[in-house]
>>> print(open('protein_13.txt').read())   # compact mmCIF, C-alpha atoms
# COMPACT_ATOMS: atom_id res chain seq x y z
CA MET D 241 9.70 78.70 -16.41
CA ALA D 242 10.25 75.11 -17.50
CA ILE D 243 12.41 74.48 -20.57
CA THR D 244 11.43 71.62 -22.85
CA ARG D 245 13.38 69.60 -25.38
CA ASP D 246 11.35 71.21 -28.16
CA ASP D 247 12.38 74.64 -26.90
CA VAL D 248 16.02 73.61 -27.15
CA LEU D 249 15.61 72.19 -30.66
CA THR D 250 13.90 75.39 -31.79
CA VAL D 251 16.85 77.48 -30.58
CA LEU D 252 19.40 75.10 -32.08
CA SER D 253 17.62 75.39 -35.43
CA THR D 254 19.14 78.88 -35.67
CA VAL D 255 22.65 77.36 -35.67
CA THR D 256 23.97 76.23 -39.06
CA VAL D 257 26.81 73.78 -39.66
CA ASP D 258 27.76 74.41 -43.28
CA ALA D 259 27.64 76.91 -46.15
CA ALA D 260 24.40 75.36 -47.41
CA GLY D 261 22.65 76.49 -44.22
CA THR D 262 22.00 73.04 -42.77
CA THR D 263 20.79 73.48 -39.21
CA LEU D 264 22.29 71.57 -36.33
CA PRO D 265 19.14 69.45 -35.65
CA ALA D 266 18.80 68.67 -39.38
CA SER D 267 22.46 67.72 -39.75
CA GLY D 268 22.07 64.38 -37.98
CA ARG D 269 24.98 65.28 -35.71
CA LEU D 270 22.98 66.19 -32.63
CA SER D 271 22.84 63.72 -29.78
CA GLN D 272 19.84 63.22 -27.53
CA VAL D 273 18.97 66.53 -25.90
CA VAL D 274 18.45 66.32 -22.15
CA VAL D 275 16.94 68.97 -19.88
CA ASP D 276 17.23 68.29 -16.15
CA PRO D 277 14.77 69.51 -13.47
CA THR D 278 16.89 72.62 -12.83
CA ASN D 279 16.70 73.63 -16.54
CA ARG D 280 20.27 72.64 -17.32
CA VAL D 281 20.58 71.58 -20.97
CA MET D 282 22.92 68.83 -22.17
CA PHE D 283 23.75 67.68 -25.68
CA SER D 284 26.67 66.53 -27.83
CA ILE D 285 27.63 67.13 -31.46
CA LEU D 286 28.95 64.10 -33.31
CA ILE D 287 32.05 64.77 -35.40
CA ASP D 288 35.02 63.04 -36.93
CA PRO D 289 38.25 63.79 -35.00
CA SER D 290 39.56 65.70 -38.03
CA GLU D 291 36.58 68.08 -37.81
CA ALA D 292 37.22 69.23 -34.25
CA GLU D 293 38.76 72.59 -35.18
CA ARG D 294 35.95 73.42 -37.61
CA PHE D 295 33.14 72.44 -35.26
CA GLU D 296 34.42 74.11 -32.09
CA PRO D 297 33.02 77.54 -33.15
CA ILE D 298 29.71 75.82 -34.01
CA ARG D 299 29.64 74.22 -30.56
CA ARG D 300 30.23 77.62 -28.96
CA ARG D 301 27.48 79.26 -31.01
CA ALA D 302 25.05 76.51 -30.05
CA GLU D 303 26.03 76.78 -26.41
CA GLY D 304 25.70 80.56 -26.44
CA ALA D 305 22.30 80.42 -28.11
CA ILE D 306 20.93 78.05 -25.49
CA LEU D 307 22.50 79.97 -22.61
CA ALA D 308 20.80 83.15 -23.86
CA THR D 309 17.39 81.46 -23.74
CA PRO D 310 15.27 82.74 -20.82
CA GLY D 311 14.94 80.20 -18.05
CA VAL D 312 18.04 78.13 -18.93
CA SER D 313 20.28 77.71 -15.87
CA GLY D 314 23.28 76.14 -17.57
CA VAL D 315 24.55 74.31 -20.64
CA PHE D 316 26.78 71.25 -21.12
CA ALA D 317 27.64 71.10 -24.82
CA SER D 318 30.45 68.92 -26.13
CA LEU D 319 31.96 67.52 -29.30
CA THR D 320 32.15 63.77 -29.44
CA SER D 321 33.70 61.31 -31.86
CA GLU D 322 32.43 57.77 -31.46
CA ARG D 323 34.72 54.94 -32.54
CA GLY D 324 33.01 51.73 -33.54
CA PRO D 325 33.95 48.37 -32.00
CA ASN D 326 35.70 47.19 -35.17
CA GLN D 327 37.65 50.36 -35.84
CA PRO D 328 41.23 50.23 -34.52
CA ALA D 329 42.57 53.00 -32.33
CA GLN D 330 45.46 53.39 -34.77
CA ALA D 331 45.85 52.31 -38.37
CA PRO D 332 48.17 49.31 -38.64
CA PRO D 333 51.45 49.97 -40.47
CA GLN D 334 51.41 49.00 -44.13
CA PRO D 335 54.44 47.36 -45.80
CA PRO D 336 56.14 49.51 -48.46
CA ALA D 337 55.82 48.60 -52.12
CA PRO D 338 58.79 46.66 -53.51
CA GLY D 339 61.68 48.98 -54.26
CA ARG D 340 60.05 52.00 -52.64
CA PRO D 341 60.71 53.54 -49.18
CA ALA D 342 58.05 53.23 -46.53
CA ALA D 343 55.66 56.18 -46.49
CA PRO D 344 54.80 57.85 -43.18
CA GLN D 345 51.75 56.18 -41.70
CA PRO D 346 48.84 58.33 -40.50
CA ARG D 347 47.95 57.84 -36.88
CA THR D 348 45.07 59.03 -34.77
CA GLY D 349 46.26 62.01 -32.78
CA PRO D 350 45.29 62.60 -29.16
CA ALA D 351 42.04 64.39 -28.38
CA LEU D 352 44.02 66.83 -26.25
CA PRO D 353 46.73 68.96 -27.89
CA GLY D 354 50.08 68.32 -26.22
CA VAL D 355 49.02 65.06 -24.54
CA ARG D 356 50.90 62.06 -25.95
CA HIS D 357 49.03 59.21 -24.26
CA ILE D 358 45.73 58.86 -22.38
CA VAL D 359 45.55 55.79 -20.15
CA ALA D 360 42.38 54.68 -18.36
CA VAL D 361 42.75 52.97 -14.97
CA ALA D 362 39.58 50.95 -14.53
CA SER D 363 37.99 48.20 -12.48
CA GLY D 364 34.94 46.06 -12.93
CA LYS D 365 33.70 46.84 -9.41
CA GLY D 366 34.30 49.30 -6.59
CA GLY D 367 36.35 48.74 -3.47
CA VAL D 368 39.42 47.23 -5.12
CA GLY D 369 41.69 50.24 -4.54
CA LYS D 370 41.55 51.59 -8.09
CA SER D 371 41.86 55.29 -7.16
CA THR D 372 44.79 54.67 -4.80
CA THR D 373 46.46 52.66 -7.55
CA ALA D 374 45.82 55.36 -10.18
CA CYS D 375 47.22 58.04 -7.86
CA ASN D 376 50.43 56.18 -7.03
CA LEU D 377 50.82 54.97 -10.61
CA ALA D 378 50.72 58.58 -11.85
CA LEU D 379 53.35 59.55 -9.27
CA ALA D 380 55.51 56.55 -10.22
CA LEU D 381 55.38 57.55 -13.90
CA SER D 382 56.36 61.08 -12.92
CA ALA D 383 59.29 59.71 -10.92
CA GLN D 384 60.63 58.24 -14.17
CA GLY D 385 61.01 61.70 -15.66
CA LEU D 386 57.64 61.84 -17.46
CA LYS D 387 55.21 64.77 -17.49
CA VAL D 388 52.01 63.37 -15.99
CA GLY D 389 48.44 64.52 -15.38
CA LEU D 390 45.62 62.78 -13.50
CA LEU D 391 41.93 63.15 -14.36
CA ASP D 392 39.45 61.92 -11.77
CA ALA D 393 36.57 60.73 -13.98
CA ASP D 394 34.70 59.09 -11.11
CA ILE D 395 31.85 61.59 -11.14
CA TYR D 396 29.79 59.85 -8.47
CA GLY D 397 32.62 59.26 -6.01
CA PRO D 398 35.65 61.49 -6.66
CA SER D 399 38.60 60.39 -4.49
CA VAL D 400 41.59 62.13 -6.04
CA PRO D 401 41.28 65.43 -4.10
CA LYS D 402 41.49 63.45 -0.85
CA LEU D 403 44.36 61.27 -2.07
CA PHE D 404 46.42 64.32 -3.09
CA GLY D 405 45.39 66.45 -0.12
CA LEU D 406 44.07 69.15 -2.46
CA SER D 407 41.18 71.54 -1.90
CA GLY D 408 39.83 74.75 -3.33
CA LYS D 409 38.55 75.70 -6.76
CA PRO D 410 40.51 75.58 -10.05
CA ARG D 411 41.54 78.95 -11.43
CA VAL D 412 39.78 80.18 -14.58
CA ILE D 413 42.40 81.09 -17.18
CA GLU D 414 39.98 82.30 -19.81
CA GLU D 415 36.37 81.70 -20.76
CA ARG D 416 35.61 77.97 -20.37
CA LEU D 417 39.23 77.02 -19.69
CA LEU D 418 40.41 75.93 -16.24
CA ALA D 419 43.91 75.60 -14.87
CA PRO D 420 44.38 72.14 -13.32
CA MET D 421 45.31 71.88 -9.67
CA GLU D 422 48.80 70.59 -8.89
CA GLY D 423 50.01 68.12 -6.29
CA PHE D 424 53.44 66.49 -5.95
CA GLY D 425 54.33 67.59 -9.49
CA ILE D 426 51.16 66.12 -11.03
CA LYS D 427 48.47 68.16 -12.82
CA VAL D 428 45.13 67.13 -11.34
CA MET D 429 41.48 67.72 -12.23
CA SER D 430 38.39 66.31 -10.51
CA ILE D 431 34.69 67.09 -10.24
CA GLY D 432 35.45 67.10 -6.51
CA PHE D 433 37.08 70.53 -6.94
CA LEU D 434 33.90 71.97 -8.43
CA ILE D 435 31.28 70.77 -5.92
CA GLU D 436 30.88 70.73 -2.16
CA PRO D 437 32.25 67.56 -0.51
CA GLU D 438 28.82 66.44 0.73
CA THR D 439 27.06 66.95 -2.60
CA ALA D 440 25.42 63.82 -4.02
CA MET D 441 25.92 63.63 -7.79
CA ILE D 442 22.44 62.54 -8.88
CA TRP D 443 23.23 62.78 -12.58
CA ARG D 444 22.00 60.74 -15.51
CA GLY D 445 24.20 59.39 -18.28
CA PRO D 446 24.28 62.42 -20.64
CA MET D 447 25.24 64.74 -17.78
CA VAL D 448 28.07 62.41 -16.78
CA GLN D 449 29.27 62.23 -20.37
CA SER D 450 29.26 66.01 -20.74
CA ALA D 451 31.06 66.56 -17.43
CA ILE D 452 33.85 64.11 -18.34
CA THR D 453 34.21 65.61 -21.81
CA GLN D 454 34.47 69.11 -20.38
CA MET D 455 37.08 68.09 -17.80
CA LEU D 456 39.08 66.54 -20.61
CA ARG D 457 38.89 69.31 -23.16
CA GLU D 458 38.33 72.48 -21.17
CA VAL D 459 41.33 72.12 -18.87
CA ALA D 460 44.74 73.56 -19.72
CA TRP D 461 46.68 70.29 -19.44
CA GLY D 462 49.66 71.61 -21.39
CA GLU D 463 52.41 69.24 -22.52
CA LEU D 464 51.99 65.77 -20.98
CA ASP D 465 53.57 62.42 -21.71
CA VAL D 466 50.71 60.60 -19.98
CA LEU D 467 47.27 61.59 -18.77
CA VAL D 468 46.11 58.94 -16.29
CA VAL D 469 42.32 58.74 -16.01
CA ASP D 470 40.86 57.32 -12.81
CA MET D 471 37.67 55.74 -14.14
CA PRO D 472 34.54 55.05 -12.11
CA PRO D 473 33.94 51.36 -11.38
CA GLY D 474 31.83 49.30 -13.73
CA THR D 475 31.14 49.34 -17.47
CA GLY D 476 28.64 52.16 -17.93
CA ASP D 477 28.28 55.57 -19.55
CA ALA D 478 31.53 57.05 -18.23
CA GLN D 479 33.61 54.18 -19.59
CA LEU D 480 31.90 54.28 -22.96
CA THR D 481 32.34 58.06 -23.15
CA MET D 482 36.08 57.73 -22.57
CA ALA D 483 36.46 54.75 -24.88
CA GLN D 484 34.43 56.10 -27.79
CA ALA D 485 34.97 59.86 -27.61
CA THR D 486 38.69 59.80 -26.76
CA PRO D 487 41.50 57.97 -28.55
CA LEU D 488 42.70 56.10 -25.48
CA SER D 489 46.18 54.64 -25.77
CA GLY D 490 45.04 51.79 -23.56
CA ALA D 491 43.48 50.68 -20.31
CA VAL D 492 44.80 49.19 -17.06
CA ILE D 493 42.50 46.91 -15.07
CA VAL D 494 42.80 46.82 -11.27
CA SER D 495 41.44 43.85 -9.31
CA THR D 496 41.90 42.06 -6.04
CA PRO D 497 42.71 38.32 -6.25
CA GLN D 498 39.22 37.48 -5.00
CA ASP D 499 36.99 35.53 -7.38
CA LEU D 500 34.13 38.05 -7.03
CA ALA D 501 36.39 40.90 -8.12
CA LEU D 502 37.89 38.87 -10.97
CA ILE D 503 34.45 38.21 -12.44
CA ASP D 504 33.92 41.96 -12.82
CA ALA D 505 37.50 42.58 -13.97
CA ARG D 506 36.82 40.12 -16.77
CA ARG D 507 33.83 42.24 -17.84
CA GLY D 508 36.04 45.33 -17.87
CA VAL D 509 38.54 43.66 -20.18
CA THR D 510 35.72 42.53 -22.47
CA MET D 511 34.22 46.03 -22.65
CA PHE D 512 37.48 47.72 -23.63
CA ARG D 513 38.17 45.05 -26.22
CA LYS D 514 34.75 45.60 -27.78
CA VAL D 515 35.54 49.30 -28.32
CA ALA D 516 39.05 48.54 -29.65
CA VAL D 517 40.98 49.92 -26.66
CA PRO D 518 44.19 47.94 -25.96
CA ILE D 519 44.60 46.36 -22.52
CA LEU D 520 47.98 47.54 -21.24
CA GLY D 521 47.90 45.25 -18.24
CA VAL D 522 46.24 43.92 -15.11
CA ILE D 523 47.28 44.87 -11.56
CA GLU D 524 46.56 42.65 -8.57
CA ASN D 525 45.84 44.95 -5.62
CA MET D 526 45.67 43.92 -1.94
CA ALA D 527 47.61 40.80 -2.88
CA THR D 528 49.28 39.90 0.42
CA PHE D 529 49.09 41.15 4.00
CA ILE D 530 52.22 40.98 6.15
CA CYS D 531 51.42 41.15 9.86
CA PRO D 532 53.43 44.07 11.33
CA HIS D 533 53.78 42.20 14.65
CA CYS D 534 54.75 38.64 13.72
CA GLY D 535 55.70 38.98 10.06
CA THR D 536 53.30 36.25 8.92
CA ALA D 537 52.01 36.54 5.34
CA SER D 538 48.22 36.22 4.98
CA HIS D 539 46.30 36.11 1.70
CA ILE D 540 43.15 37.81 2.93
CA PHE D 541 41.62 38.15 -0.54
CA GLY D 542 43.43 35.18 -2.03
CA HIS D 543 46.61 35.35 -4.07
CA GLY D 544 47.60 35.06 -7.72
CA GLY D 545 44.05 35.28 -9.06
CA ALA D 546 44.66 38.40 -11.17
CA ARG D 547 47.89 36.99 -12.59
CA ALA D 548 46.11 33.78 -13.59
CA GLU D 549 43.23 35.76 -15.07
CA ALA D 550 45.64 37.91 -17.10
CA GLU D 551 47.25 34.78 -18.49
CA ARG D 552 43.86 33.30 -19.33
CA LEU D 553 42.77 36.48 -21.11
CA GLU D 554 46.18 36.81 -22.78
CA VAL D 555 46.85 40.32 -21.50
CA PRO D 556 49.98 41.61 -19.71
CA PHE D 557 50.29 41.25 -15.94
CA LEU D 558 51.87 44.38 -14.45
CA GLY D 559 52.42 43.30 -10.85
CA GLU D 560 51.10 42.88 -7.31
CA VAL D 561 50.49 45.58 -4.70
CA PRO D 562 50.35 44.36 -1.08
CA LEU D 563 47.60 45.07 1.42
CA ASN D 564 49.52 47.35 3.75
CA MET D 565 48.77 49.84 6.51
CA THR D 566 51.33 52.34 5.19
CA ILE D 567 49.62 52.61 1.81
CA ARG D 568 46.25 53.09 3.50
CA GLU D 569 47.49 55.63 6.06
CA THR D 570 49.38 57.79 3.54
CA SER D 571 46.39 57.73 1.17
CA ASP D 572 43.98 58.85 3.90
CA ALA D 573 46.38 61.61 4.90
CA GLY D 574 46.61 62.99 1.35
CA ARG D 575 50.30 62.09 1.18
CA PRO D 576 50.62 59.18 -1.32
CA VAL D 577 53.31 56.66 -0.49
CA VAL D 578 55.18 57.11 -3.78
CA ALA D 579 55.50 60.85 -3.06
CA VAL D 580 56.40 60.75 0.64
CA ASP D 581 58.58 57.62 0.68
CA PRO D 582 59.90 57.31 -2.88
CA ASP D 583 62.67 54.87 -1.95
CA GLY D 584 60.53 52.69 0.30
CA PRO D 585 59.43 49.16 -0.60
CA HIS D 586 55.85 50.12 -1.46
CA ALA D 587 56.92 52.94 -3.77
CA GLN D 588 59.28 50.51 -5.50
CA VAL D 589 56.32 48.21 -6.21
CA TYR D 590 54.44 51.03 -7.95
CA ARG D 591 57.58 52.13 -9.80
CA GLY D 592 58.06 48.62 -11.14
CA ILE D 593 54.46 48.54 -12.34
CA ALA D 594 54.83 52.00 -13.93
CA ALA D 595 57.98 50.90 -15.78
CA LYS D 596 56.17 47.87 -17.23
CA LEU D 597 53.19 50.01 -18.15
CA TRP D 598 55.32 52.55 -19.99
CA GLY D 599 57.13 49.74 -21.79
CA ASN D 600 53.81 48.22 -22.91
CA LEU D 601 52.62 51.67 -23.97
CA THR D 602 55.65 52.70 -26.01
CA GLY D 603 57.88 49.67 -26.39
CA GLY D 604 60.75 51.38 -24.60
CA PRO D 605 61.94 52.64 -21.21
CA ALA D 606 60.78 55.95 -19.80
CA PRO D 607 63.16 58.90 -19.95
CA ARG D 608 65.00 59.45 -16.73
CA ALA D 609 65.32 62.81 -15.04
CA ALA D 610 68.38 64.75 -16.15
CA PRO D 611 71.48 63.95 -14.05
CA ARG D 612 72.65 66.53 -11.57
CA ILE D 613 75.85 68.25 -12.68
CA VAL D 614 78.28 68.98 -9.84
CA ILE D 615 81.03 71.52 -10.47
CA GLU D 616 84.00 71.12 -8.17
>>> encode(input="protein_13.txt", output="structure tokens")
Amino acid sequence: MAITRDDVLTVLSTVTVDAAGTTLPASGRLSQVVVDPTNRVMFSILIDPSEAERFEPIRRRAEGAILATPGVSGVFASLTSERGPNQPAQAPPQPPAPGRPAAPQPRTGPALPGVRHIVAVASGKGGVGKSTTACNLALALSAQGLKVGLLDADIYGPSVPKLFGLSGKPRVIEERLLAPMEGFGIKVMSIGFLIEPETAMIWRGPMVQSAITQMLREVAWGELDVLVVDMPPGTGDAQLTMAQATPLSGAVIVSTPQDLALIDARRGVTMFRKVAVPILGVIENMATFICPHCGTASHIFGHGGARAEAERLEVPFLGEVPLNMTIRETSDAGRPVVAVDPDGPHAQVYRGIAAKLWGNLTGGPAPRAAPRIVIE
């Protein structure tokens, strides 16, 4: 039995959003309704961030009503809060009136309770080592004493399970709430845990948006200082979903020094600026190759291009990561270099970048792990 969009709207007309009995379709809050060939239904409800608690029961009622419809195979229903390009992520501080103390300034809270900062790691194109960078950056932040999570938002090509050497399915804590997987002290979630490795994700935009929203909001992240989000390459639906539906603290752009990569990195910076997401910095990946046999330095993809581009765009430059066999081998083995060789030269590079990132994010150094007390 095929389900149509009209069928879905008819069912959703039984769900009201206020005391006056306004139905969900009539409220103007309903996004485009999508029904895929397998009769999975996808839609979003537009809200203000302050309305999230009130609308969560409405979302559940709508989801339950659709799921109870004969022929429906699944439902992706989410709450979304779109931020316009001219609306700042956080209200600027206002000076106090003369002779009066400064009043506390309201600030936009995180979309996830207990998560202080959400940072997107993005790239304008694929193949620049963004996922490897996101993985080691998360571990480097953790090494500074921070509580860190990593969300793999690359729906079409999830790499984080491989990088962390994780497999299996997340545990269901309660209805519609998953426990994240854990690797090297990092809480991790990826669509790769929920599908077979060979599965091709032939999903359209609304499905991608719903999947990312669910992995953000229906995972028990707990208390985190930073949630690092490994974004898919490009400037499409996934990036806009994260930028508009989530109060991102900022974005990090990863690029090689090559001119072709820098062109796309430039587009990434432009996109985040248009949706009022701060650029926390640019990382130049695969910057220099040192021959393990003769020690000669070779700039296979060029050198200094990302630094120069950061200066031109007037955004922070976080550092350079070399093109190195050790980083590649440890990544392929599911044993990231920052975790397995924390005092090695490559881990120190990522730690330096993480320290700069945290400073740009908060204006101060990261807390260090508590010192070990030795009783003699």
>>> atom_distance(input="protein_13.txt", atom1="CA of Arg575 (chain D)", atom2="CA of Ile426 (chain D)")
12.9 Å
>>> closest_residue(input="protein_13.txt", among="D:Val448, D:Leu319, D:Ala595, D:Val274", to="Leu520 (chain D)", atoms="all atoms listed in the file")
D:Ala595
>>> closest_residue(input="protein_13.txt", among="D:Ile567, D:Leu418, D:Leu377, D:Ile435", to="Asp581 (chain D)", atoms="all atoms listed in the file")
D:Ile567
>>> residues_around(input="protein_13.txt", residues="region 504-507 of chain D", least_positions_apart="4", cutoff="12 Å", atoms="all atoms listed in the file", output="mmCIF file with C-alpha atoms, in the frame of the given file")
data_model
loop_
_atom_site.group_PDB
_atom_site.id
_atom_site.type_symbol
_atom_site.label_atom_id
_atom_site.label_comp_id
_atom_site.auth_asym_id
_atom_site.auth_seq_id
_atom_site.Cartn_x
_atom_site.Cartn_y
_atom_site.Cartn_z
ATOM 1 C CA VAL D 361 42.750 52.970 -14.970
ATOM 2 C CA ALA D 362 39.580 50.950 -14.530
ATOM 3 C CA SER D 363 37.990 48.200 -12.480
ATOM 4 C CA GLY D 364 34.940 46.060 -12.930
ATOM 5 C CA LYS D 365 33.700 46.840 -9.410
ATOM 6 C CA GLY D 366 34.300 49.300 -6.590
ATOM 7 C CA GLY D 367 36.350 48.740 -3.470
ATOM 8 C CA VAL D 368 39.420 47.230 -5.120
ATOM 9 C CA LYS D 370 41.550 51.590 -8.090
ATOM 10 C CA PRO D 473 33.940 51.360 -11.380
ATOM 11 C CA GLY D 474 31.830 49.300 -13.730
ATOM 12 C CA THR D 475 31.140 49.340 -17.470
ATOM 13 C CA GLY D 476 28.640 52.160 -17.930
ATOM 14 C CA ALA D 491 43.480 50.680 -20.310
ATOM 15 C CA VAL D 492 44.800 49.190 -17.060
ATOM 16 C CA ILE D 493 42.500 46.910 -15.070
ATOM 17 C CA VAL D 494 42.800 46.820 -11.270
ATOM 18 C CA SER D 495 41.440 43.850 -9.310
ATOM 19 C CA THR D 496 41.900 42.060 -6.040
ATOM 20 C CA PRO D 497 42.710 38.320 -6.250
ATOM 21 C CA GLN D 498 39.220 37.480 -5.000
ATOM 22 C CA ASP D 499 36.990 35.530 -7.380
ATOM 23 C CA LEU D 500 34.130 38.050 -7.030
ATOM 24 C CA MET D 511 34.220 46.030 -22.650
ATOM 25 C CA PHE D 512 37.480 47.720 -23.630
ATOM 26 C CA ARG D 513 38.170 45.050 -26.220
ATOM 27 C CA LYS D 514 34.750 45.600 -27.780
ATOM 28 C CA ILE D 519 44.600 46.360 -22.520
ATOM 29 C CA GLY D 521 47.900 45.250 -18.240
ATOM 30 C CA VAL D 522 46.240 43.920 -15.110
ATOM 31 C CA ILE D 523 47.280 44.870 -11.560
ATOM 32 C CA GLU D 524 46.560 42.650 -8.570
ATOM 33 C CA GLY D 545 44.050 35.280 -9.060
ATOM 34 C CA ALA D 546 44.660 38.400 -11.170
ATOM 35 C CA ARG D 547 47.890 36.990 -12.590
ATOM 36 C CA ALA D 548 46.110 33.780 -13.590
ATOM 37 C CA GLU D 549 43.230 35.760 -15.070
ATOM 38 C CA ALA D 550 45.640 37.910 -17.100
ATOM 39 C CA GLU D 551 47.250 34.780 -18.490
ATOM 40 C CA ARG D 552 43.860 33.300 -19.330
ATOM 41 C CA LEU D 553 42.770 36.480 -21.110
ATOM 42 C CA GLU D 554 46.180 36.810 -22.780
ATOM 43 C CA VAL D 555 46.850 40.320 -21.500
#
>>> closest_residue(input="protein_13.txt", among="D:Thr250, D:Asn564, D:Gln479, D:Ser430", to="Ala537 (chain D)", atoms="all atoms listed in the file")
D:Asn564
>>> atom_distance(input="protein_13.txt", atom1="CA of Ser382 (chain D)", atom2="CA of Val428 (chain D)")
12.9 Å
>>> closest_residue(input="protein_13.txt", among="D:Ile503, D:Ile395, D:Ala308, D:Cys375", to="Thr453 (chain D)", atoms="only C-alpha atoms")
D:Ile395
>>> atom_distance(input="protein_13.txt", atom1="CA of Gly354 (chain D)", atom2="CA of Ser489 (chain D)")
14.2 Å
>>> closest_residue(input="protein_13.txt", among="D:Ala259, D:Leu406, D:Ala317, D:Val469", to="Ile285 (chain D)", atoms="only C-alpha atoms")
D:Ala317
>>> residues_around(input="protein_13.txt", residues="Gly405 (chain D)", least_positions_apart="4", cutoff="9 Å", atoms="only C-alpha atoms", output="MDAnalysis selection string")
chainID D and resid 400:401 423 571:575
>>> closest_residue(input="protein_13.txt", among="D:Asn376, D:Ser290, D:Gln384, D:Gln449", to="Ser271 (chain D)", atoms="all atoms listed in the file")
D:Gln449
>>> residues_near_point(input="protein_13.txt", point="(47.2, 51.1, 5.7)", cutoff="12 Å", atoms="all atoms listed in the file", output="ChimeraX atom specification")
/D:369,372,526,529-532,562-573,576-577,586
>>> residues_around(input="protein_13.txt", residues="region 242-249 of chain D", least_positions_apart="3", cutoff="12 Å", atoms="all atoms listed in the file", output="PyMOL selection string")
chain D and resi 252-255+263-266+270-283+302-315
>>> residues_around(input="protein_13.txt", residues="Leu391 (chain D)", least_positions_apart="3", cutoff="12 Å", atoms="only C-alpha atoms", output="ChimeraX atom specification")
/D:358-361,371,374-375,378,388,394-395,398-401,420-422,426-433,451-457,459,461,466-472,482
